[in-house]
Structure formats: C-alpha cells, structure tokens
Amino acid sequence: DSGVTQTPKHLITATGQRVTLRCSPRSGDLSVYWYQQSLDQGLQFLIQYYNGEERAKGNILERFSAQQFPDLHSELNLSSLELGDSALYFCASSGTDNEQFFGPGTRLTVL
Amino acid sequence: GESVGLHLPTLSVQEGDNSIINCAYSNSASDYFIWYKQESGKGPQFIIDIRSNMDKRQGQRVTVLLNKTVKHLSLQIAATQPGDSAVYFCAENMGDYKLSFGAGTTVTVRA
C-alpha cells in the first residue's frame with residue numbers, strides 16, 4: 001500500500017459526459033501528479049500540482065483540468081469524454097525527496 | 001534471462017535465474033532515472049533510482065546500471081522469484097520531476 005488513495009476504482013460513462021477523479025496523497029506530501037495509462041500510449045504524464053499550485057504540464061488535453069485543494073487532495077476533471085479517453089488514470093504523490101508513490105488508479109471506461 | 005537490444009516487450013525467465021531488463025532513454029540531459037514495477041491491477045511501484053552522476057546503484061536483489069554514452073539503462077534482478085512477474089518500466093526525469101516512461105517489459109517467471 002503506497003498511502004495514496006484514489007476514488008472511484010472503476011467508472012463507466014458515456015461519450016460527451018464529464019467525470020471527476022479524486023486523489024488523496026500520502027500524508028505530508030505536497031506534490032501530486034496525474035498520469036494516464038492506455039494500451040496504445042503507455043503511461044503518460046498529464047499534470048503536476050505542488051501545494052495547491054500548478055507546477056508542470058504534460059500531454060493534458062484542453063478538455064481535462066485538475067486542481068489541488070488546501071487539504072492537498074486533488075481532482076482530475078475530464079469533460080466531453082470520447083471513446084479514446086478510456087484508460088487507467090493514476091495519481092502519484094511525492095515529498096521532499098521527489099520519489100513518486102502511485103495510487104491504485106481509476107479505470108475509466110467510456111461507452 | 002535478458003531482454004536483448006533497446007527494448008523487448010516480454011521476457012521469460014526461469015525461477016532462480018538472473019533477469020536483465022534493458023531500456024533506452026531519449027534525453028541526454030536527463031539527470032534522474034527510475035525503475036518501476038507494475039503488477040496486474042495495481043499502480044506502478046518504485047524499485048530503484050539512479051542519478052546521472054552514478055553508473056551503478058544496488059538495492060535488495062536489484063541493480064541499476066546507467067550508460068550515459070549510449071543513453072541506456074538496465075535493471076538486473078538477482079535470483080528471480082515468481083513474485084517478480086510484472087511489467088517493468090524505466091522512467092526518466094524530463095525536468096521538474098515530470099517523468100517520461102518507457103513502453104514497459106513484461107517479465108514472466110517460469111517455475
């Protein structure tokens with residue numbers, strides 16, 4: 001158990017819909033990272049937050065957004081969903097040593 | 001067992017043998033590299049890391065070798081066990097700890 005929690009574990013929705021994925025980092029970690037893992041693209045970095053502020057951006061679509069709240073939990077919002085958005089979404093957190101601990105992931109299925 | 005060349009998607013190894021997983025990275029300026037293990041249905045789990053000022057680092061049953069000249073990283077697992085069956089990813093730091101992951105190698109341990 002990495003100490004990072006993600007909810008929900010599974011999510012099934014339809015095209016065009018919007019969903020919110022939630023992540024709670026390990027206690028004391030200020031950085032949160034979001035990754036997308038799909039069969040054709042592999043594991044891709046989406047975005048990083050540090051203590052509530054966006055720090056780095058990767059291959060995140062404009063339809064996707066994220067935020068980190070004062071209690072340090074983070075949410076990833078996916079809107080106007082397409083079939084190709086079906087993937088595993090992982091959250092990771094890190095402390096001062098920058099070692100990233102991954103959560104169990106949310107499996108999103110868009111029908 | 002050894003994955004030959006820059007990347008081999010699968011590696012089958014006899015229990016008790018040593019495993020070698022290879023990875024090529026893209027950015028000659030990368031200063032930090034990590035190996036992750038991902039078991040079915042779980043998030044990536046940190047195995048070992050290495051900074052660019054080192055050539056070799058050892059952990060418990062694992063060794064990472066870094067060859068900056070040819071931009072090559074390898075993970076050696078000693079006395080491979082059934083619990084080592086998983087997908088192994090190398091990752092490089094693209095700056096600000098944005099990680100870029102390789103495609104992964106699936107290791108299957110034969111009893």
# chains A, B, ... in the order shown; residues from 1 in each chain; ligands from 1
>>> interface_residues(of="chain B", to="chain A", cutoff="9 Å", atoms="only C-alpha atoms", output="list in words")
Gly41, Lys42, Gly43, Pro44, Gln45, Phe46, Asp49, Asp96, Tyr97, Lys98, Leu99, Ser100, Phe101, Gly102, Ala103 and Gly104 of chain B
>>> write_last_selection(atoms="N, CA, C and O atoms", output="mmCIF file, in the first residue's frame")
data_model
loop_
_atom_site.group_PDB
_atom_site.id
_atom_site.type_symbol
_atom_site.label_atom_id
_atom_site.label_comp_id
_atom_site.auth_asym_id
_atom_site.auth_seq_id
_atom_site.Cartn_x
_atom_site.Cartn_y
_atom_site.Cartn_z
ATOM 1 N N GLY B 41 -3.390 -4.929 -12.111
ATOM 2 C CA GLY B 41 -4.415 -4.305 -11.299
ATOM 3 C C GLY B 41 -3.912 -3.321 -10.263
ATOM 4 O O GLY B 41 -4.683 -2.828 -9.440
ATOM 5 N N LYS B 42 -2.609 -3.016 -10.334
ATOM 6 C CA LYS B 42 -2.037 -2.097 -9.337
ATOM 7 C C LYS B 42 -1.318 -0.941 -10.027
ATOM 8 O O LYS B 42 -1.046 -0.981 -11.225
ATOM 9 N N GLY B 43 -1.013 0.064 -9.243
ATOM 10 C CA GLY B 43 -0.228 1.168 -9.757
ATOM 11 C C GLY B 43 1.247 0.837 -9.775
ATOM 12 O O GLY B 43 1.689 -0.117 -9.139
ATOM 13 N N PRO B 44 2.042 1.610 -10.519
ATOM 14 C CA PRO B 44 3.495 1.393 -10.542
ATOM 15 C C PRO B 44 4.098 1.526 -9.149
ATOM 16 O O PRO B 44 3.693 2.376 -8.367
ATOM 17 N N GLN B 45 5.055 0.680 -8.874
ATOM 18 C CA GLN B 45 5.715 0.663 -7.567
ATOM 19 C C GLN B 45 7.198 0.936 -7.772
ATOM 20 O O GLN B 45 7.853 0.288 -8.586
ATOM 21 N N PHE B 46 7.729 1.893 -7.039
ATOM 22 C CA PHE B 46 9.143 2.257 -7.118
ATOM 23 C C PHE B 46 10.026 1.063 -6.774
ATOM 24 O O PHE B 46 9.780 0.355 -5.793
ATOM 25 N N ASP B 49 16.229 3.860 -8.036
ATOM 26 C CA ASP B 49 16.516 5.020 -8.874
ATOM 27 C C ASP B 49 18.020 5.237 -8.970
ATOM 28 O O ASP B 49 18.807 4.629 -8.240
ATOM 29 N N ASP B 96 11.857 19.064 -13.618
ATOM 30 C CA ASP B 96 10.839 19.270 -12.577
ATOM 31 C C ASP B 96 10.127 17.974 -12.200
ATOM 32 O O ASP B 96 8.967 17.993 -11.804
ATOM 33 N N TYR B 97 10.829 16.858 -12.348
ATOM 34 C CA TYR B 97 10.306 15.545 -11.990
ATOM 35 C C TYR B 97 9.069 15.158 -12.777
ATOM 36 O O TYR B 97 8.244 14.369 -12.326
ATOM 37 N N LYS B 98 8.933 15.751 -14.005
ATOM 38 C CA LYS B 98 7.979 15.197 -14.959
ATOM 39 C C LYS B 98 8.616 13.930 -15.499
ATOM 40 O O LYS B 98 9.683 13.985 -16.094
ATOM 41 N N LEU B 99 7.971 12.800 -15.273
ATOM 42 C CA LEU B 99 8.564 11.546 -15.678
ATOM 43 C C LEU B 99 8.059 11.116 -17.040
ATOM 44 O O LEU B 99 6.858 11.188 -17.325
ATOM 45 N N SER B 100 8.982 10.665 -17.879
ATOM 46 C CA SER B 100 8.635 10.068 -19.163
ATOM 47 C C SER B 100 8.914 8.581 -19.051
ATOM 48 O O SER B 100 10.046 8.172 -18.754
ATOM 49 N N PHE B 101 7.893 7.782 -19.272
ATOM 50 C CA PHE B 101 8.007 6.343 -19.083
ATOM 51 C C PHE B 101 8.273 5.623 -20.398
ATOM 52 O O PHE B 101 7.752 6.006 -21.455
ATOM 53 N N GLY B 102 9.049 4.551 -20.322
ATOM 54 C CA GLY B 102 9.215 3.666 -21.453
ATOM 55 C C GLY B 102 7.974 2.807 -21.636
ATOM 56 O O GLY B 102 7.038 2.875 -20.839
ATOM 57 N N ALA B 103 7.999 2.000 -22.682
ATOM 58 C CA ALA B 103 6.823 1.203 -23.036
ATOM 59 C C ALA B 103 6.608 0.022 -22.096
ATOM 60 O O ALA B 103 5.511 -0.519 -22.027
ATOM 61 N N GLY B 104 7.624 -0.376 -21.377
ATOM 62 C CA GLY B 104 7.461 -1.461 -20.415
ATOM 63 C C GLY B 104 7.869 -2.805 -20.960
ATOM 64 O O GLY B 104 7.739 -3.083 -22.152
#
>>> residues_around(residues="Val13 in chain B", least_positions_apart="5", cutoff="12 Å", atoms="only C-alpha atoms", output="short mmCIF file (atom, residue, chain, number, x, y, z; two decimals) with C-alpha atoms, in the first residue's frame")
data_model
loop_
_atom_site.label_atom_id
_atom_site.label_comp_id
_atom_site.auth_asym_id
_atom_site.auth_seq_id
_atom_site.Cartn_x
_atom_site.Cartn_y
_atom_site.Cartn_z
CA GLY B 1 17.15 -14.16 -19.00
CA GLU B 2 17.86 -10.89 -20.77
CA SER B 3 15.87 -8.53 -22.92
CA ASN B 18 19.02 -13.57 -13.04
CA SER B 19 16.97 -11.19 -15.17
CA ILE B 20 18.21 -8.23 -17.16
CA ILE B 21 15.76 -5.66 -18.48
CA ILE B 77 17.18 -8.79 -10.81
CA ALA B 78 19.10 -11.49 -8.98
CA ALA B 79 17.59 -14.91 -8.28
CA THR B 80 14.27 -14.08 -9.93
CA GLN B 81 11.23 -15.20 -7.96
CA PRO B 82 7.60 -15.80 -9.01
CA ASP B 84 8.86 -10.68 -9.68
CA SER B 85 6.40 -11.39 -12.50
CA ALA B 86 5.14 -7.96 -13.56
CA THR B 106 6.55 -7.87 -19.20
CA VAL B 107 8.54 -10.33 -17.12
CA THR B 108 7.16 -13.84 -16.66
CA VAL B 109 8.89 -16.15 -14.22
CA ARG B 110 8.71 -19.88 -15.03
CA ALA B 111 8.58 -22.28 -12.11
#
>>> atom_distance(atom1="CA of Glu82 in chain A", atom2="CA of Tyr49 in chain A")
25.1 Å
>>> residues_around(residues="Val64 in chain B", least_positions_apart="6", cutoff="7 Å", atoms="only C-alpha atoms", output="PyMOL selection string")
chain B and resi 56-58+74-76
>>> select_by_dssp(residues="chain B", states="strand (DSSP E)", output="ChimeraX atom specification")
/B:10-14,19-24,32-38,45-51,56-58,62-67,72-77,86-93,99-101,105-110
>>> write_last_selection(atoms="C-alpha atoms", output="mmCIF file, in the first residue's frame")
data_model
loop_
_atom_site.group_PDB
_atom_site.id
_atom_site.type_symbol
_atom_site.label_atom_id
_atom_site.label_comp_id
_atom_site.auth_asym_id
_atom_site.auth_seq_id
_atom_site.Cartn_x
_atom_site.Cartn_y
_atom_site.Cartn_z
ATOM 1 C CA THR B 10 8.395 -9.613 -22.941
ATOM 2 C CA LEU B 11 10.976 -11.572 -21.017
ATOM 3 C CA SER B 12 10.549 -15.134 -19.812
ATOM 4 C CA VAL B 13 12.958 -16.261 -17.120
ATOM 5 C CA GLN B 14 13.427 -19.424 -15.095
ATOM 6 C CA SER B 19 16.969 -11.188 -15.175
ATOM 7 C CA ILE B 20 18.213 -8.234 -17.155
ATOM 8 C CA ILE B 21 15.764 -5.660 -18.480
ATOM 9 C CA ASN B 22 17.034 -3.026 -20.840
ATOM 10 C CA CYS B 23 15.797 0.446 -21.618
ATOM 11 C CA ALA B 24 16.891 3.245 -23.915
ATOM 12 C CA TYR B 32 17.414 11.147 -12.808
ATOM 13 C CA PHE B 33 16.115 7.707 -13.748
ATOM 14 C CA ILE B 34 13.777 5.312 -12.021
ATOM 15 C CA TRP B 35 12.633 1.732 -12.457
ATOM 16 C CA TYR B 36 9.056 0.887 -11.590
ATOM 17 C CA LYS B 37 7.291 -2.453 -11.267
ATOM 18 C CA GLN B 38 3.601 -2.734 -12.066
ATOM 19 C CA GLN B 45 5.715 0.663 -7.567
ATOM 20 C CA PHE B 46 9.143 2.257 -7.118
ATOM 21 C CA ILE B 47 12.024 -0.245 -7.311
ATOM 22 C CA ILE B 48 15.231 1.734 -7.540
ATOM 23 C CA ASP B 49 16.516 5.020 -8.874
ATOM 24 C CA ILE B 50 19.821 6.420 -10.065
ATOM 25 C CA ARG B 51 21.141 9.894 -10.687
ATOM 26 C CA LYS B 56 25.616 1.797 -10.882
ATOM 27 C CA ARG B 57 23.388 1.502 -7.871
ATOM 28 C CA GLN B 58 22.430 -1.586 -5.923
ATOM 29 C CA VAL B 62 18.261 -5.360 -7.850
ATOM 30 C CA THR B 63 20.988 -3.390 -9.581
ATOM 31 C CA VAL B 64 20.549 -0.490 -11.975
ATOM 32 C CA LEU B 65 23.241 0.346 -14.498
ATOM 33 C CA LEU B 66 23.406 3.626 -16.368
ATOM 34 C CA ASN B 67 25.422 4.130 -19.548
ATOM 35 C CA HIS B 72 20.995 3.090 -21.906
ATOM 36 C CA LEU B 73 19.602 1.921 -18.601
ATOM 37 C CA SER B 74 19.309 -1.633 -17.345
ATOM 38 C CA LEU B 75 17.745 -3.342 -14.366
ATOM 39 C CA GLN B 76 19.209 -6.571 -13.101
ATOM 40 C CA ILE B 77 17.179 -8.790 -10.808
ATOM 41 C CA ALA B 86 5.140 -7.959 -13.559
ATOM 42 C CA VAL B 87 5.586 -5.190 -16.092
ATOM 43 C CA TYR B 88 8.759 -3.175 -15.554
ATOM 44 C CA PHE B 89 9.044 0.440 -16.681
ATOM 45 C CA CYS B 90 12.027 2.703 -16.843
ATOM 46 C CA ALA B 91 11.347 6.398 -16.436
ATOM 47 C CA GLU B 92 13.479 9.487 -16.952
ATOM 48 C CA ASN B 93 13.120 12.893 -15.414
ATOM 49 C CA LEU B 99 8.564 11.546 -15.678
ATOM 50 C CA SER B 100 8.635 10.068 -19.163
ATOM 51 C CA PHE B 101 8.007 6.343 -19.083
ATOM 52 C CA THR B 105 8.743 -5.021 -20.391
ATOM 53 C CA THR B 106 6.552 -7.869 -19.196
ATOM 54 C CA VAL B 107 8.538 -10.335 -17.119
ATOM 55 C CA THR B 108 7.161 -13.841 -16.664
ATOM 56 C CA VAL B 109 8.886 -16.154 -14.222
ATOM 57 C CA ARG B 110 8.705 -19.878 -15.031
#
>>> closest_residue(among="A:Leu72, A:Val19, A:Val110, A:Ala14", to="Ser31 in chain A", atoms="only C-alpha atoms")
A:Leu72
>>> residues_around(residues="Glu75 in chain A", least_positions_apart="3", cutoff="9 Å", atoms="only C-alpha atoms", output="list in words")
Thr20, Leu21, Arg22, Cys23, Ser24, Ser65, Ala66, Gln67, Gln68 and Phe69 of chain A
>>> closest_residue(among="A:Ser80, A:Glu54, A:Thr5, A:Trp34", to="Arg18 in chain A", atoms="only C-alpha atoms")
A:Ser80
>>> closest_residue(among="A:Gln6, A:Ser86, A:His73, A:Ser79", to="Asp29 in chain A", atoms="only C-alpha atoms")
A:His73
>>> atom_distance(atom1="CA of Asn27 in chain B", atom2="CA of Met94 in chain B")
7.5 Å
>>> atom_distance(atom1="CA of Gly16 in chain A", atom2="CA of Gly84 in chain A")
11.8 Å
